Amino acid sequence: MLCQLSINNFAIVRFLELDFKAGMTSITGETGAGKSIAIDALGLCLGNRADANAIRPGATKAEVSARFSLSDIPLAKRWLEDNDLELDNECILRRTINNDGRSRAYINGNPVPLAQIKCLGQLLIGIHGQHAHHAMLKSEHQLTLLDSYANHKMLLDTVAASYQRCKTVEKQLHQLELAQHERLARKQLLQYQVEELNEFAIAKGEFETIEAEHKKLANSTALIELCRSQLNILQDNDQASVESLLNTSISQGQDLESYDAELGSVVAMLNDALIHVQESSSELERYLEGLELDPEYFEQLELRISKALQLARKHHVNASELFAHHQGLLNELNELGSDGDKLEEIRNQLQNSQQAYSNHARKLSLSRGRYAKELDKKVTQSIHELSMPKGKFSIAVNFNQAVISPQGSDAIEFLVTTNPGQPLQPIAKVASGGELSRIGLGIQVITAKKVATPTLIFDEVDVGISGPTAAVVGRMLRSLGESTQVFCVTHLPQVAGNGHQHMFVNKTSKSGKTETSMVALDKDQRIEELARLLGGDTITSNTIANAKELLFS
C-alpha cells in the first residue's frame, strides 16, 4: 500500500508530505484547489511524461517521492528481487524534473530507466480517471476489463506465446519460400548459361592451343620467308653459307692440328657447330614442309576464337578461364537442389502451430465466456443499485477462428438495455452519459476487487451522478476499501462521507504567490467539510445535521 507521498515544488505545491492509511480515503476541496495535483504527482512517480511546466514558478527543480509497503504485494517484491533493487519490505519511487525538461527516475535510491519505473508502477497502483467510462466504449478496452476481472494471466500468456510461435514459423516459411524462388531463378539462369557453354564445348587448354595456331597461320607468309632466308644462310648459299664456311674452317683447323695437336679441341668444337647447323637446317626444312596455307582452316580458327572471347566477356572471365568457368557452372547446377522437404516440414510446423494457437485461443475464449456470465450478473446487480432498476448488462464473447492476435480470437462487445422490453444493444448506442458513467463505475469497482493491485485511485469517477445513486457509489467504494487501499477524489458528500479517512485540499494566495496544501480532517472537521459540500458557502444547522447523517459511523 501507499504509505507516504512527498511533493516539492510541483505545480502550485511548494511542499507536501502526506501519510496515508489503509481503507478508503476521501479527498475533497473547492473547485480549482488542486485536488488532482497529488494524483498527478503520484503519476509522475509511476513514470508519466515529465514537463518542465510542472515545476513551481521560481523553482529550478521539482521532486516527488512515494513510499510503499510491500507486505501484501508479492509480485512487486519479486520484481524488485529480479532486478536487484529490493530494500527490506518497502519500495521508494522518486522522480525529479529539471527546468530544462529533463527528468530522472529512482527506485530505492538507484537510478533506473523510465520503462522500469513504469513496469513496477503497474504492480503498485491502479488509477481510474474521471473519463475512464469513455474508454469503455472501445472494444479493446472492454476486452481488457473482462480479462482483468477473469485474471486468467496464464491463459493470456500462453495465447500470446502461441501467437508469437505462429509468427516465427510464418517468417521462416516466407524466408524459405523466398530463398526457393531465388534458387529457382538462379537455376533457370544456370541452365541457360550451361546450355550455351555446352553448345560451344570448349576443351581444357583449347583456347591457348587455337590462339597459338591462329597466330602461326596469321604469320605464315612471314614464317616461310624467314625460314627460307635462314636455310639460305645456313646451307643453300654455296659460296657463303654457314655450312660451307664451317667446312672450310674445319679443313683449315685439321691442317693446324697436324702441326699442333693442342688445336684438336678447336677442330672438335667446329665439328659440333657444323652438326648443330646441319640439324637446324633439317628442322627448318621439316617445318617448311609441314607449314600449309589453309584459308578455310584459318577462318574456322578465327570464328572459334571470336566466339570464345564473346562468351568470356558475357561471363566476365578471361577466355583462357572459360573451360574452368563452364565446369564450375555445371557443378553449381548439379548441386543446386530443392528445399521441397524443408518447405513441407515448415508448412507442417505452421499448421501445427496454428492448430495449437486455435486450441489455446479457444480455451481462453471459454474462460472469457464463463467470467463474462459472472460479470454480467454482478454488473446488472450494480446498475440496479445505481438507479437503473430495469437495466440489464451482458457481454458478448464471439470467437472467430480466422482471427489470430496476441489477445486471442475473440471479439468482445458490451451490451446493455436500460428499458424493459428493449433488446440488448451495444453500450455506445444505448446508454446516455449519466447511464454510461454509472455502468462504467460499477464495472470499475467490480473488476478492481479482482485485480491484484493493492492501491486504487478513483479521480472524480462519480461525475454525472447524485443523490441516492451517489450514496450507493460511496458504499461501493467503502466496501472495496475494506480489502484494498482506495483513494477517491470527489465533489459529492454522499461519497466523501463513506471514507475511512478524509483529506481536504486547500488553495491560498499570499504576496502574489499561490500554494496548495492537503490536510487530514478529524471527525468535526469532516462534518464541516461535508456540510460545505451540501450547502456551499451557507452552512446551517440543517446542513450540519445532514452532514452528520452522511458520515459513516
# chains A, B, ... in the order shown; residues from 1 in each chain; ligands from 1
call {"tool": "select_by_dssp", "arguments": {"residues": "segment 23-130 of chain A", "states": "helix (DSSP H, G or I)", "output": "ChimeraX atom specification"}}
result
/A:37-45,52-54,74-82,114-124
call {"tool": "residues_around", "arguments": {"residues": "Leu234 of chain A", "least_positions_apart": "6", "cutoff": "9 Å", "atoms": "only C-alpha atoms", "output": "PyMOL selection string"}}
result
chain A and resi 240-244+277-278+280-281
call {"tool": "write_last_selection", "arguments": {"atoms": "N, CA, C and O atoms", "output": "PDB file, in the first residue's frame"}}
result
ATOM      1  N   ALA A 240      78.650 -18.696 -99.625  1.00  0.00           N
ATOM      2  CA  ALA A 240      78.799 -18.021 -98.325  1.00  0.00           C
ATOM      3  C   ALA A 240      77.835 -18.542 -97.281  1.00  0.00           C
ATOM      4  O   ALA A 240      77.439 -17.835 -96.370  1.00  0.00           O
ATOM      5  N   SER A 241      77.446 -19.823 -97.337  1.00  0.00           N
ATOM      6  CA  SER A 241      76.556 -20.368 -96.313  1.00  0.00           C
ATOM      7  C   SER A 241      77.351 -20.699 -95.056  1.00  0.00           C
ATOM      8  O   SER A 241      78.567 -20.900 -95.116  1.00  0.00           O
ATOM      9  N   VAL A 242      76.639 -20.772 -93.981  1.00  0.00           N
ATOM     10  CA  VAL A 242      77.290 -21.101 -92.699  1.00  0.00           C
ATOM     11  C   VAL A 242      77.926 -22.485 -92.789  1.00  0.00           C
ATOM     12  O   VAL A 242      79.051 -22.710 -92.310  1.00  0.00           O
ATOM     13  N   GLU A 243      77.243 -23.424 -93.463  1.00  0.00           N
ATOM     14  CA  GLU A 243      77.757 -24.791 -93.543  1.00  0.00           C
ATOM     15  C   GLU A 243      79.051 -24.845 -94.353  1.00  0.00           C
ATOM     16  O   GLU A 243      80.031 -25.499 -93.944  1.00  0.00           O
ATOM     17  N   SER A 244      79.054 -24.132 -95.491  1.00  0.00           N
ATOM     18  CA  SER A 244      80.280 -24.151 -96.322  1.00  0.00           C
ATOM     19  C   SER A 244      81.437 -23.466 -95.616  1.00  0.00           C
ATOM     20  O   SER A 244      82.595 -23.902 -95.682  1.00  0.00           O
ATOM     21  N   VAL A 277      74.408 -26.892 -87.011  1.00  0.00           N
ATOM     22  CA  VAL A 277      73.912 -26.130 -88.157  1.00  0.00           C
ATOM     23  C   VAL A 277      73.143 -27.055 -89.098  1.00  0.00           C
ATOM     24  O   VAL A 277      72.072 -26.726 -89.596  1.00  0.00           O
ATOM     25  N   GLN A 278      73.685 -28.223 -89.323  1.00  0.00           N
ATOM     26  CA  GLN A 278      73.015 -29.175 -90.208  1.00  0.00           C
ATOM     27  C   GLN A 278      71.668 -29.632 -89.614  1.00  0.00           C
ATOM     28  O   GLN A 278      70.667 -29.760 -90.318  1.00  0.00           O
ATOM     29  N   SER A 280      69.811 -27.904 -87.489  1.00  0.00           N
ATOM     30  CA  SER A 280      68.914 -26.744 -87.559  1.00  0.00           C
ATOM     31  C   SER A 280      68.323 -26.622 -88.941  1.00  0.00           C
ATOM     32  O   SER A 280      67.124 -26.355 -89.124  1.00  0.00           O
ATOM     33  N   SER A 281      69.162 -26.847 -89.933  1.00  0.00           N
ATOM     34  CA  SER A 281      68.686 -26.771 -91.319  1.00  0.00           C
ATOM     35  C   SER A 281      67.644 -27.850 -91.573  1.00  0.00           C
ATOM     36  O   SER A 281      66.602 -27.610 -92.212  1.00  0.00           O
TER      37      SER A 281
END
call {"tool": "select_by_dssp", "arguments": {"residues": "segment 442-550 of chain A", "states": "strand (DSSP E or B)", "output": "count of residues only"}}
result
28
call {"tool": "closest_residue", "arguments": {"among": "A:Glu460, A:Glu86, A:Glu279, A:Asp147", "to": "Val397 of chain A", "atoms": "only C-alpha atoms"}}
result
A:Asp147
call {"tool": "closest_residue", "arguments": {"among": "A:Arg347, A:His326, A:Lys215, A:Lys314", "to": "Leu176 of chain A", "atoms": "only C-alpha atoms"}}
result
A:Arg347
call {"tool": "atom_distance", "arguments": {"atom1": "atom CA of Leu46 of chain A", "atom2": "atom CA of Thr96 of chain A"}}
result
12.0 Å
call {"tool": "residues_around", "arguments": {"residues": "segment 69-79 of chain A", "least_positions_apart": "4", "cutoff": "12 Å", "atoms": "only C-alpha atoms", "output": "PyMOL selection string"}}
result
chain A and resi 1-4+20-22+83-93+107+116-117+119-125+451-455+483-485
call {"tool": "residues_around", "arguments": {"residues": "Lys449 of chain A", "least_positions_apart": "6", "cutoff": "12 Å", "atoms": "only C-alpha atoms", "output": "NGL selection string"}}
result
:A and (126 or 148-151 or 375 or 378 or 442-443 or 455-456 or 476-486)
call {"tool": "write_last_selection", "arguments": {"atoms": "C-alpha atoms", "output": "CSV table (one decimal), in the first residue's frame"}}
result
chain,number,residue,atom,x,y,z
A,126,GLY,CA,-4.2,1.5,-10.5
A,148,SER,CA,-8.7,-8.1,-15.7
A,149,TYR,CA,-11.8,-9.5,-14.0
A,150,ALA,CA,-11.1,-13.1,-15.1
A,151,ASN,CA,-7.5,-12.7,-14.0
A,375,LEU,CA,-19.6,-10.3,-14.6
A,378,LYS,CA,-22.6,-8.5,-11.0
A,442,GLY,CA,-19.9,-0.3,-11.5
A,443,ILE,CA,-17.6,-2.2,-13.8
A,455,THR,CA,-3.9,0.6,-4.2
A,456,LEU,CA,-6.6,2.1,-6.4
A,476,MET,CA,-19.3,0.5,-3.0
A,477,LEU,CA,-16.0,2.3,-2.7
A,478,ARG,CA,-16.0,1.8,1.1
A,479,SER,CA,-16.7,-1.9,0.7
A,480,LEU,CA,-13.8,-2.0,-1.8
A,481,GLY,CA,-11.6,-0.2,0.8
A,482,GLU,CA,-12.1,-3.0,3.3
A,483,SER,CA,-9.8,-5.1,1.2
A,484,THR,CA,-7.9,-2.6,-0.9
A,485,GLN,CA,-6.4,0.8,-0.3
A,486,VAL,CA,-8.7,3.3,-2.1
call {"tool": "residues_around", "arguments": {"residues": "segment 516-526 of chain A", "least_positions_apart": "3", "cutoff": "6 Å", "atoms": "only C-alpha atoms", "output": "number ranges by chain"}}
result
A: 12-13, 502-507, 529
